[in-house]
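Visitor: Sending over query-v9.txt (compact mmCIF, C-alpha atoms).
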# COMPACT_ATOMS: atom_id res chain seq x y z
CA MET A 1 68.30 2.97 -28.92
CA LYS A 2 69.10 0.14 -31.33
CA GLN A 3 72.62 -0.16 -29.81
CA MET A 4 71.14 -0.34 -26.27
CA LYS A 5 68.84 -3.19 -27.34
CA ILE A 6 71.74 -5.11 -28.86
CA ALA A 7 73.84 -4.59 -25.70
CA PHE A 8 70.94 -5.79 -23.54
CA LEU A 9 70.48 -8.94 -25.67
CA LEU A 10 74.21 -9.72 -25.55
CA THR A 11 74.28 -9.29 -21.75
CA PHE A 12 71.21 -11.55 -21.38
CA LEU A 13 72.75 -14.27 -23.57
CA LEU A 14 76.05 -14.17 -21.69
CA GLN A 15 74.28 -14.40 -18.30
CA SER A 16 72.15 -17.29 -19.53
CA LEU A 17 75.22 -19.15 -20.78
CA ALA A 18 77.05 -18.60 -17.47
CA PHE A 19 74.00 -19.87 -15.52
CA CYS A 20 73.72 -23.06 -17.60
CA GLN A 21 77.44 -23.79 -17.19
CA SER A 22 77.64 -22.98 -13.47
CA PRO A 23 79.35 -25.57 -11.21
CA GLN A 24 76.13 -26.08 -9.26
CA SER A 25 74.30 -27.37 -12.27
CA LYS A 26 74.71 -28.52 -15.83
CA THR A 27 71.35 -27.07 -16.83
CA GLY A 28 69.05 -24.35 -15.58
CA LEU A 29 66.44 -27.05 -14.93
CA ALA A 30 68.67 -29.01 -12.54
CA PHE A 31 69.57 -25.80 -10.70
CA GLN A 32 65.89 -25.04 -10.24
CA LYS A 33 65.33 -28.56 -8.91
CA GLU A 34 67.95 -27.96 -6.19
CA THR A 35 65.95 -25.01 -4.89
CA LEU A 36 62.81 -27.10 -4.39
CA GLN A 37 61.95 -28.57 -0.99
CA ILE A 38 63.36 -32.05 -0.45
CA LEU A 39 60.41 -34.36 0.20
CA PRO A 40 61.10 -37.63 2.01
CA ALA A 41 58.81 -40.40 0.78
CA ALA A 42 56.57 -40.16 3.87
CA ASP A 43 55.53 -36.68 2.68
CA ARG A 44 54.56 -37.96 -0.78
CA LEU A 45 51.08 -39.06 0.31
CA GLU A 46 49.75 -39.33 -3.24
CA GLU A 47 52.25 -42.15 -3.86
CA TYR A 48 51.13 -44.52 -1.11
CA LEU A 49 48.15 -43.42 1.01
CA GLU A 50 45.43 -44.81 -1.24
CA GLN A 51 46.93 -48.30 -1.35
CA LEU A 52 46.78 -48.53 2.47
CA GLN A 53 42.99 -48.32 2.56
CA GLY A 54 41.34 -51.48 3.91
CA LYS A 55 44.66 -53.09 4.90
CA LYS A 56 46.05 -54.04 8.30
CA ILE A 57 49.35 -52.23 8.62
CA GLY A 58 52.47 -52.80 10.69
CA LEU A 59 54.93 -49.91 10.96
CA VAL A 60 58.69 -49.94 11.56
CA VAL A 61 59.22 -46.41 12.87
CA ASN A 62 60.80 -44.19 15.51
CA GLN A 63 61.06 -40.47 16.33
CA THR A 64 62.40 -39.70 12.83
CA SER A 65 59.23 -40.95 11.11
CA ILE A 66 57.59 -37.56 10.66
CA LEU A 67 55.81 -35.67 7.89
CA SER A 68 57.59 -32.34 7.48
CA THR A 69 54.78 -30.98 5.28
CA LYS A 70 52.20 -31.73 8.02
CA ASN A 71 53.79 -29.80 10.91
CA ASN A 72 56.10 -32.72 11.76
CA ILE A 73 53.23 -35.00 12.76
CA HIS A 74 54.36 -38.58 13.39
CA LEU A 75 53.53 -41.08 10.65
CA VAL A 76 51.65 -43.29 13.14
CA ASP A 77 49.43 -40.44 14.31
CA PHE A 78 48.81 -39.21 10.77
CA LEU A 79 47.81 -42.60 9.37
CA MET A 80 45.45 -43.24 12.27
CA MET A 81 43.86 -39.80 11.77
CA GLU A 82 43.36 -40.76 8.11
CA GLY A 83 41.48 -43.90 9.15
CA ILE A 84 44.25 -46.33 8.18
CA ASP A 85 44.11 -49.57 10.20
CA VAL A 86 47.50 -49.47 11.95
CA VAL A 87 47.70 -52.68 13.96
CA LYS A 88 51.14 -52.49 15.63
CA VAL A 89 54.46 -50.68 15.69
CA PHE A 90 57.92 -52.29 15.48
CA VAL A 91 60.82 -50.25 16.87
CA PRO A 92 64.63 -50.44 16.44
CA GLU A 93 67.53 -49.62 18.78
CA HIS A 94 66.84 -46.47 20.86
CA GLY A 95 63.09 -47.17 20.97
CA PHE A 96 59.94 -45.55 19.63
CA ARG A 97 60.74 -42.04 20.90
CA GLY A 98 64.50 -42.36 20.33
CA ASP A 99 65.59 -41.78 23.93
CA ALA A 100 67.01 -45.21 24.85
CA ASP A 101 70.79 -45.35 25.31
CA ALA A 102 73.04 -47.21 22.86
CA GLY A 103 72.78 -50.88 23.79
CA GLU A 104 69.99 -50.24 26.30
CA ALA A 105 67.12 -52.75 26.34
CA VAL A 106 64.00 -51.67 24.45
CA ASN A 107 60.92 -53.38 25.80
CA ASN A 108 57.58 -54.38 24.33
CA GLU A 109 54.89 -52.03 25.62
CA ILE A 110 51.70 -50.15 24.78
CA ASP A 111 52.18 -46.66 23.35
CA SER A 112 50.32 -44.25 25.64
CA ARG A 113 49.47 -41.82 22.84
CA SER A 114 48.11 -44.20 20.19
CA GLY A 115 47.23 -47.24 22.32
CA LEU A 116 49.12 -49.43 19.84
CA PRO A 117 51.28 -52.39 20.87
CA ILE A 118 55.01 -51.65 20.51
CA VAL A 119 57.17 -54.62 19.46
CA SER A 120 60.88 -54.20 20.17
CA LEU A 121 63.32 -55.32 17.47
CA TYR A 122 66.37 -54.76 19.64
CA GLY A 123 68.02 -57.00 22.19
CA ASN A 124 67.11 -60.68 22.14
CA ASN A 125 64.35 -60.23 19.57
CA LYS A 126 65.92 -58.55 16.54
CA LYS A 127 63.72 -60.31 13.98
CA PRO A 128 59.90 -60.10 13.88
CA SER A 129 58.39 -63.45 14.82
CA PRO A 130 55.80 -65.13 12.57
CA GLU A 131 53.25 -64.50 15.35
CA SER A 132 54.00 -60.75 15.37
CA LEU A 133 53.34 -60.57 11.62
CA GLN A 134 50.19 -62.67 11.69
CA GLY A 135 47.21 -60.85 10.21
CA LEU A 136 49.25 -58.02 8.67
CA ASP A 137 48.65 -57.14 5.03
CA LEU A 138 51.61 -54.78 4.72
CA ILE A 139 54.71 -53.66 6.62
CA ILE A 140 55.88 -50.06 6.20
CA TYR A 141 59.50 -49.18 7.02
CA ASP A 142 60.24 -45.47 7.63
CA LEU A 143 63.46 -44.81 9.56
CA GLN A 144 66.03 -42.06 8.99
CA ASP A 145 69.39 -43.73 8.40
CA VAL A 146 72.81 -42.00 8.33
CA GLY A 147 74.48 -44.10 5.63
CA LEU A 148 76.95 -46.14 7.67
CA ARG A 149 77.32 -49.91 7.81
CA PHE A 150 77.45 -50.06 11.60
CA TYR A 151 74.31 -47.95 12.16
CA THR A 152 71.84 -50.61 13.27
CA TYR A 153 68.65 -49.34 11.62
CA ILE A 154 69.72 -51.08 8.41
CA SER A 155 70.32 -54.31 10.35
CA THR A 156 66.75 -54.02 11.64
CA MET A 157 65.59 -53.49 8.06
CA HIS A 158 67.41 -56.68 7.02
CA TYR A 159 65.62 -58.77 9.64
CA VAL A 160 62.24 -57.22 8.88
CA MET A 161 62.75 -57.95 5.18
CA GLU A 162 63.73 -61.53 5.96
CA SER A 163 60.74 -62.18 8.19
CA ALA A 164 58.40 -60.45 5.73
CA ALA A 165 59.69 -62.68 2.92
CA GLU A 166 59.38 -65.87 4.97
CA ASN A 167 55.85 -65.01 6.04
CA LYS A 168 54.77 -63.63 2.65
CA VAL A 169 53.93 -60.14 3.89
CA PRO A 170 54.67 -57.35 1.36
CA MET A 171 56.88 -54.48 2.46
CA LEU A 172 56.77 -50.78 1.60
CA ILE A 173 59.86 -48.65 2.24
CA LEU A 174 59.40 -44.89 2.56
CA ASP A 175 62.84 -43.67 1.54
CA ARG A 176 64.72 -40.78 3.12
CA PRO A 177 67.90 -38.93 2.06
CA ASN A 178 71.29 -40.21 3.15
CA PRO A 179 73.18 -37.35 4.91
CA ASN A 180 76.46 -39.17 4.12
CA GLY A 181 75.33 -40.17 0.64
CA ASP A 182 77.78 -38.03 -1.34
CA TYR A 183 80.69 -40.48 -1.14
CA ILE A 184 81.73 -44.10 -0.51
CA ASP A 185 84.70 -45.03 1.68
CA GLY A 186 86.19 -47.36 4.26
CA PRO A 187 86.87 -51.08 4.50
CA VAL A 188 84.30 -53.51 3.07
CA LEU A 189 83.01 -56.11 5.54
CA LYS A 190 84.72 -59.49 5.16
CA LYS A 191 83.03 -62.86 5.51
CA GLY A 192 83.20 -64.11 9.09
CA PHE A 193 82.90 -60.64 10.63
CA GLU A 194 79.12 -60.31 10.36
CA SER A 195 77.29 -58.93 13.41
CA PHE A 196 74.39 -56.60 14.22
CA VAL A 197 76.76 -53.66 13.55
CA GLY A 198 77.67 -55.09 10.14
CA MET A 199 75.54 -57.61 8.28
CA HIS A 200 76.42 -57.01 4.63
CA PRO A 201 79.59 -56.94 2.49
CA ILE A 202 79.45 -53.17 2.07
CA PRO A 203 81.87 -50.34 3.00
CA VAL A 204 81.68 -48.35 6.22
CA VAL A 205 80.33 -45.37 4.24
CA HIS A 206 78.15 -47.12 1.66
CA GLY A 207 76.53 -44.11 -0.05
CA LEU A 208 73.08 -45.73 -0.39
CA THR A 209 69.65 -44.76 0.87
CA VAL A 210 67.71 -47.43 2.77
CA GLY A 211 65.58 -47.97 -0.32
CA GLU A 212 68.62 -48.59 -2.49
CA LEU A 213 70.20 -50.86 0.11
CA ALA A 214 66.96 -52.84 0.48
CA GLN A 215 66.96 -53.46 -3.27
CA MET A 216 70.58 -54.57 -3.07
CA ILE A 217 69.88 -56.93 -0.15
CA ASN A 218 67.08 -58.48 -2.20
CA GLY A 219 68.96 -58.53 -5.48
CA GLU A 220 72.22 -59.97 -4.13
CA GLY A 221 70.47 -62.72 -2.17
CA TRP A 222 71.75 -61.58 1.24
CA LEU A 223 68.67 -62.73 3.17
CA ARG A 224 68.72 -66.17 4.79
CA ASN A 225 68.18 -68.96 2.27
CA LYS A 226 68.21 -66.20 -0.39
CA VAL A 227 64.50 -65.46 0.14
CA LYS A 228 63.15 -62.40 -1.67
CA THR A 229 60.95 -59.74 -0.09
CA GLU A 230 57.98 -58.43 -2.04
CA LEU A 231 59.24 -54.89 -1.98
CA GLU A 232 58.06 -51.45 -3.07
CA ILE A 233 60.15 -48.30 -2.65
CA ILE A 234 58.67 -44.79 -2.58
CA LYS A 235 61.45 -42.41 -3.62
CA VAL A 236 62.52 -39.08 -2.12
CA GLU A 237 61.53 -36.14 -4.31
CA ASN A 238 63.86 -33.25 -5.25
CA TRP A 239 67.00 -34.88 -3.81
CA SER A 240 70.20 -36.20 -5.38
CA ARG A 241 73.10 -37.75 -3.52
CA GLU A 242 75.48 -34.79 -3.94
CA MET A 243 72.99 -32.50 -2.16
CA ALA A 244 73.44 -31.68 1.52
CA TYR A 245 70.54 -32.72 3.76
CA SER A 246 69.99 -31.41 7.26
CA LEU A 247 68.05 -33.88 9.41
CA PRO A 248 64.95 -32.32 11.02
CA VAL A 249 65.07 -34.79 13.96
CA LYS A 250 68.18 -36.32 15.52
CA PRO A 251 68.29 -39.97 14.41
CA SER A 252 69.60 -41.28 17.75
CA PRO A 253 70.45 -39.84 21.18
CA ASN A 254 74.14 -39.23 20.50
CA LEU A 255 73.92 -37.82 16.98
CA PRO A 256 72.43 -34.44 17.92
CA ASN A 257 73.31 -32.38 14.84
CA ASP A 258 74.56 -32.45 11.24
CA LEU A 259 78.24 -32.22 12.20
CA SER A 260 78.07 -35.23 14.52
CA ILE A 261 76.54 -37.23 11.64
CA ARG A 262 79.34 -36.20 9.29
CA LEU A 263 82.05 -36.98 11.90
CA TYR A 264 80.45 -40.27 12.94
CA PRO A 265 82.26 -42.40 10.29
CA SER A 266 85.65 -41.11 11.49
CA LEU A 267 84.95 -41.35 15.23
CA CYS A 268 82.86 -44.50 15.61
CA PHE A 269 85.94 -46.77 15.53
CA PHE A 270 86.82 -45.28 18.94
CA GLU A 271 83.87 -47.27 20.31
CA GLY A 272 86.16 -50.29 19.83
CA THR A 273 88.78 -48.69 22.11
CA ASP A 274 88.78 -47.00 25.53
CA ILE A 275 88.77 -43.49 23.97
CA SER A 276 85.69 -41.35 24.72
CA VAL A 277 83.80 -39.81 21.78
CA GLY A 278 82.01 -37.33 24.02
CA ARG A 279 79.13 -39.49 25.21
CA GLY A 280 78.00 -37.82 28.41
CA THR A 281 78.40 -34.34 26.93
CA TYR A 282 76.08 -32.23 24.78
CA PHE A 283 78.50 -32.55 21.86
CA PRO A 284 78.96 -36.31 21.34
CA PHE A 285 80.78 -37.46 18.19
CA GLN A 286 82.30 -34.00 17.87
CA VAL A 287 85.21 -34.52 20.32
CA TYR A 288 87.38 -37.36 21.54
CA GLY A 289 89.66 -37.88 24.50
CA PHE A 290 90.92 -39.95 27.42
CA PRO A 291 91.67 -39.22 31.12
CA ASP A 292 95.33 -38.39 30.43
CA ALA A 293 96.66 -34.94 29.55
CA LYS A 294 99.01 -36.34 26.90
CA TYR A 295 96.07 -36.81 24.52
CA GLY A 296 95.56 -33.08 23.94
CA GLU A 297 94.91 -29.63 25.37
CA PHE A 298 91.12 -29.70 24.99
CA SER A 299 89.26 -31.17 27.98
CA PHE A 300 85.72 -32.34 28.77
CA LYS A 301 84.07 -34.33 31.55
CA PRO A 302 81.47 -36.99 30.64
CA VAL A 303 78.50 -37.06 33.03
CA SER A 304 75.24 -38.99 33.09
CA ILE A 305 72.65 -37.31 30.84
CA GLU A 306 69.12 -38.72 30.78
CA GLY A 307 67.90 -39.35 27.25
CA MET A 308 71.44 -39.18 25.83
CA SER A 309 73.97 -41.22 27.79
CA LYS A 310 73.15 -42.56 31.25
CA ASN A 311 76.45 -44.34 31.88
CA PRO A 312 79.06 -42.83 29.53
CA PRO A 313 82.65 -44.13 29.35
CA HIS A 314 84.97 -42.35 31.82
CA GLN A 315 81.99 -40.89 33.64
CA ASN A 316 82.90 -37.94 35.91
CA GLN A 317 86.55 -38.07 34.79
CA LEU A 318 88.29 -35.19 33.07
CA CYS A 319 89.23 -36.29 29.55
CA PHE A 320 91.84 -34.65 27.31
CA GLY A 321 91.86 -34.76 23.54
CA ARG A 322 90.64 -32.87 20.49
CA ASP A 323 87.69 -30.59 19.83
CA LEU A 324 86.32 -31.10 16.30
CA ARG A 325 83.35 -28.77 16.55
CA ASN A 326 84.85 -26.39 14.00
CA GLU A 327 85.17 -29.07 11.33
CA PRO A 328 83.23 -28.22 8.13
CA LEU A 329 80.06 -30.07 7.16
CA THR A 330 81.95 -31.25 4.08
CA HIS A 331 84.02 -33.52 6.38
CA ARG A 332 84.65 -37.01 5.05
CA PHE A 333 85.86 -40.25 6.62
CA THR A 334 89.46 -40.18 7.81
CA LEU A 335 91.74 -42.37 9.92
CA GLU A 336 93.68 -39.32 11.17
CA TYR A 337 92.10 -39.18 14.63
CA LEU A 338 92.25 -42.94 15.22
CA LEU A 339 95.92 -43.20 14.22
CA GLU A 340 96.87 -40.14 16.25
CA ALA A 341 95.18 -41.45 19.42
CA TYR A 342 96.68 -44.92 18.91
CA GLN A 343 100.20 -43.53 18.57
CA THR A 344 99.73 -41.24 21.59
CA SER A 345 98.46 -44.12 23.75
CA GLY A 346 101.55 -46.30 23.38
CA LYS A 347 99.30 -49.26 24.28
CA LYS A 348 99.84 -51.32 21.13
CA GLU A 349 97.29 -54.18 20.94
CA LYS A 350 95.76 -53.16 24.29
CA PHE A 351 94.44 -50.01 22.61
CA PHE A 352 91.72 -52.13 20.97
CA ASN A 353 88.87 -54.10 22.52
CA ASN A 354 86.86 -57.02 21.10
CA PHE A 355 84.34 -54.67 19.47
CA PHE A 356 86.85 -53.03 17.14
CA ASP A 357 86.98 -55.73 14.46
CA LYS A 358 83.18 -55.92 14.37
CA LEU A 359 82.98 -52.18 13.68
CA ALA A 360 85.71 -52.42 11.05
CA GLY A 361 84.13 -55.54 9.52
CA THR A 362 87.60 -57.02 9.25
CA ASP A 363 90.70 -57.64 11.37
CA GLN A 364 92.92 -56.14 8.65
CA LEU A 365 92.50 -52.54 9.84
CA ARG A 366 93.65 -53.39 13.36
CA LYS A 367 96.59 -55.42 12.04
CA ASP A 368 97.64 -52.61 9.70
CA ILE A 369 97.55 -50.08 12.54
CA LEU A 370 99.61 -52.38 14.75
CA ALA A 371 102.09 -52.78 11.88
CA GLY A 372 102.60 -49.01 11.83
CA LYS A 373 101.13 -48.40 8.38
CA THR A 374 100.22 -44.87 7.32
CA GLU A 375 96.71 -43.80 6.31
CA PRO A 376 97.50 -43.90 2.55
CA GLU A 377 98.98 -47.38 2.94
CA ILE A 378 95.92 -48.60 4.85
CA ARG A 379 93.50 -47.01 2.38
CA ALA A 380 95.23 -48.80 -0.49
CA THR A 381 94.22 -52.16 1.02
CA TRP A 382 90.50 -51.56 0.52
CA GLN A 383 90.47 -49.72 -2.82
CA ALA A 384 89.87 -52.82 -4.95
CA ASP A 385 86.92 -53.86 -2.78
CA LEU A 386 85.50 -50.32 -2.95
CA GLU A 387 85.63 -50.28 -6.74
CA LYS A 388 83.94 -53.68 -6.85
CA PHE A 389 81.17 -52.47 -4.54
CA LYS A 390 80.62 -49.29 -6.54
CA GLU A 391 80.16 -51.35 -9.69
CA GLN A 392 77.95 -53.92 -7.93
CA SER A 393 75.66 -51.28 -6.38
CA LYS A 394 74.99 -49.37 -9.64
CA ALA A 395 72.08 -51.67 -10.51
CA TYR A 396 70.21 -50.61 -7.36
CA LEU A 397 70.62 -46.82 -7.46
CA LEU A 398 67.47 -44.70 -7.45
CA TYR A 399 69.00 -41.21 -7.46
Is it possible to give me this structure as C-alpha cells?
Guide:
Amino acid sequence: MKQMKIAFLLTFLLQSLAFCQSPQSKTGLAFQKETLQILPAADRLEEYLEQLQGKKIGLVVNQTSILSTKNNIHLVDFLMMEGIDVVKVFVPEHGFRGDADAGEAVNNEIDSRSGLPIVSLYGNNKKPSPESLQGLDLIIYDLQDVGLRFYTYISTMHYVMESAAENKVPMLILDRPNPNGDYIDGPVLKKGFESFVGMHPIPVVHGLTVGELAQMINGEGWLRNKVKTELEIIKVENWSREMAYSLPVKPSPNLPNDLSIRLYPSLCFFEGTDISVGRGTYFPFQVYGFPDAKYGEFSFKPVSIEGMSKNPPHQNQLCFGRDLRNEPLTHRFTLEYLLEAYQTSGKKEKFFNNFFDKLAGTDQLRKDILAGKTEPEIRATWQADLEKFKEQSKAYLLY
C-alpha cells in the first residue's frame, strides 16, 4: 500500500510539472486563463455603464458592436434599454448594418429601429463636424477592426479622435481583440503616401488593437496640430495577442469568415491591380484570378451579390487563378500570390493601378517588383522600419 501511495505521488508530481511546462502556457494559471471566455470591452458592463448615467452619448458603431453575453444585442439597443441617453450614431464605411459595398456612399438617415439620427463618416464627410458633436458629453467608439493599416475603421477612429479633441468631448474606446494581432509585418507607410487607406506610419499588419492604436495616435502626436484626445480605454478580458479569436459577426461585407480575415493582408494588394480577389462570389479574399486561363486551373465567375458586392470587378466573366480556401488559419502575410500573378501577367508597370501605392503606403514595393526582386529581397527593405515600429509601439501595449 505504501509503495502504491509513493507511485501515485510521483505520477502526480510528474504530470503537474509537465502541465506547468507545456508549450501552451508557462504556468497553470495562464493555461486556465486561456480557457475562459474572451470578453470584448462592450461586454464588461461593470467597467463603463455607471459612468454613462446622466450623460448625452454619441456612438461610433456598426453591425459588429454587439454584446455576446447578452444574446448578441446591439450596443445601441442595449444602452437605450438601460435608460442611457444615446443622442446619435456615427457610422464608418459599409454603414450601420454593414451591408454597403466597399466605396459605396453611406448616407445620413434615421435608424428605423431606434429612431436615432445616423451620421455618416464615409464619403465626403469623414470627420465629425463641430455641429454634430454639439451637446455630447461623451463619444463611445466600438468597432471590430482586423488589424491592418488599410482597413478604414481605424481611419474613422483617427478623425473621430481629432474632432473630439478639437471640440473638447471625451472619448471612450471599447476595445476588441485583433484577429491578426499575433504578428507584425509588411512595409511601413512613408511620408507623402497618406490617404484614407493609410493615415499613420505603421506597417500593413500592425499587431495592435484599436485601443492600443488610439493611445499611439495620441502619444505620438499624429492628430492635426498634435491635439490630444481625452481618452479612456476599456480593455478586453481573457485575451492575449497570441490567442486566436473568431469574429462572431463579419466586420465588412467581403470578409465573411476567419480565413478571409487571415488572407486579407496577402490579397488586398490585388485591389491595386486588375486581379479579382473573389468579390462577387461567396468566398471573397479566399481566391484570386483574372479572365485568362494562364493564371491557373481554378475558375470562378464574379456576379452581382446584394449586400456583398453589387458591381464586382470582371462581373459575369470567368476568372482563372488560385483557390486558397484550404489555407490554414495560421496563415501570415506573404508576397507569394502577388509576385506570382505579376510574373504571369507579363504586363510590367501596367499590372498596377494608381491605388497600389496607397495600399502599400510607399512606391518602393511597386518599384522592387518591377525590378524583379524576390520576396526575401523585398522583405529586407522594410525590416529596419519594422524593428523601429515594434520598439516605438511598446509604450502603448495593453495586452
Visitor: Rank A:His158, A:Leu231, A:Glu47, A:Glu242 by their smallest atom-to-atom distance to Ser195 of chain A, using only C-alpha atoms, and report the top residue only.
Guide: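 Closest candidate: A:His158.
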Visitor: Mind checking which residues fall within 10 Å of Ala371 of chain A, counting all atoms listed in the file, ignoring those fewer than 5 positions away in the same chain, and posting them as a VMD selection string?
Guide: chain A and resid 348 365 to 366
Visitor: If you measure from atom CA of Glu194 of chain A to atom CA of Ser345 of chain A, what distance in Å do you get, rounded to one decimal?
Guide: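 Between atom CA of Glu194 of chain A and atom CA of Ser345 of chain A the gap works out to 28.6 Å.
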Visitor: Using only C-alpha atoms, which of A:Val303, A:Gly192, A:Pro177, A:Ile57 sits nearest Gln134 of chain A?
Guide: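 Among the listed residues, A:Ile57 lies closest to Gln134 of chain A.
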Visitor: A:Trp222, A:Phe269, A:Phe355, A:Tyr399: which is nearest Tyr342 of chain A, counting all atoms listed in the file?
Guide: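 Counting all atoms listed in the file, the residue closest to Tyr342 of chain A is A:Phe269.
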Visitor: Fewer than 4 positions away in the same chain doesn't count, so skip those; otherwise give me all residues within 7 Å of Phe290 of chain A, counting all atoms listed in the file, as a PyMOL selection string.
Guide: chain A and resi 275-276+295+319-321
Visitor: Which one of A:Val205, A:Leu39, A:Met157, A:Leu172 sits closest to Leu386 of chain A if you count all atoms listed in the file?
Guide: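 When distances to Leu386 of chain A are compared using all atoms listed in the file, the smallest one comes from A:Val205.
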Visitor: Find the distance between atom CA of Glu375 of chain A and atom CA of Leu318 of chain A and write it in Å to one decimal.
Guide: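 It comes out at 29.3 Å.
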Visitor: Using Å and a single decimal, report how far atom CA of Ala293 of chain A sits from atom CA of Thr281 of chain A.
Guide: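 So the two atoms, atom CA of Thr281 of chain A and atom CA of Ala293 of chain A, lie 18.5 Å apart.
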Visitor: Tell me which of A:Ile73, A:Leu136, A:Leu49, A:Leu335 sits closest to Val87 of chain A, counting all atoms listed in the file.
Guide: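 Residue with the minimum atom-to-atom distance to Val87 of chain A: A:Leu136.
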Visitor: Contacts of segment 180-183 of chain A at 7 Å or less, counting all atoms listed in the file, minus same-chain residues fewer than 4 places along, as number ranges by chain?
Guide: A: 146-147, 207-208, 241-242, 262
Visitor: Please return, as a list of chain:residue names, all polymer residues that have at least one atom within 12 Å of the point (77.3, -56.7, 16.3); use only C-alpha atoms and the file's own coordinate frame.
Guide: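 It turns out the residues near that spot are A:Gly103, A:Tyr122, A:Gly123, A:Lys126, A:Arg149, A:Phe150, A:Tyr151, A:Thr152, A:Ser155, A:Thr156, A:Gly192, A:Phe193, A:Glu194, A:Ser195, A:Phe196, A:Val197, A:Gly198, A:Met199, A:His200, A:Gly272, A:Asn354, A:Phe355, A:Phe356, A:Asp357, A:Lys358, A:Leu359, A:Ala360, A:Gly361.
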Visitor: Of the candidates A:Lys367, A:Lys228, A:Lys250, A:Lys373, which shows the shortest atom-to-atom distance to Met308 of chain A, using all atoms listed in the file?
Guide: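 Once distances to Met308 of chain A are computed over all atoms listed in the file, the minimum belongs to A:Lys250.
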Visitor: At a cut-off of 7 Å from (55.5, -62.6, -1.5) in the coordinates of the file, what residues are picked up using all atoms listed in the file, written as a compact mmCIF listing (two decimals) with C-alpha atoms, keeping the file's coordinate frame?
Guide:
# COMPACT_ATOMS: atom_id res chain seq x y z
CA ALA A 165 59.69 -62.68 2.92
CA LYS A 168 54.77 -63.63 2.65
CA VAL A 169 53.93 -60.14 3.89
CA PRO A 170 54.67 -57.35 1.36
CA THR A 229 60.95 -59.74 -0.09
CA GLU A 230 57.98 -58.43 -2.04
Visitor: If we count only C-alpha atoms and set the cut-off at 8 Å, which residues sit around Asp175 of chain A, ignoring sequence neighbours fewer than 4 positions away in its own chain? Please answer as a ChimeraX atom specification.
Guide: /A:40-42,142,209-211,233-236
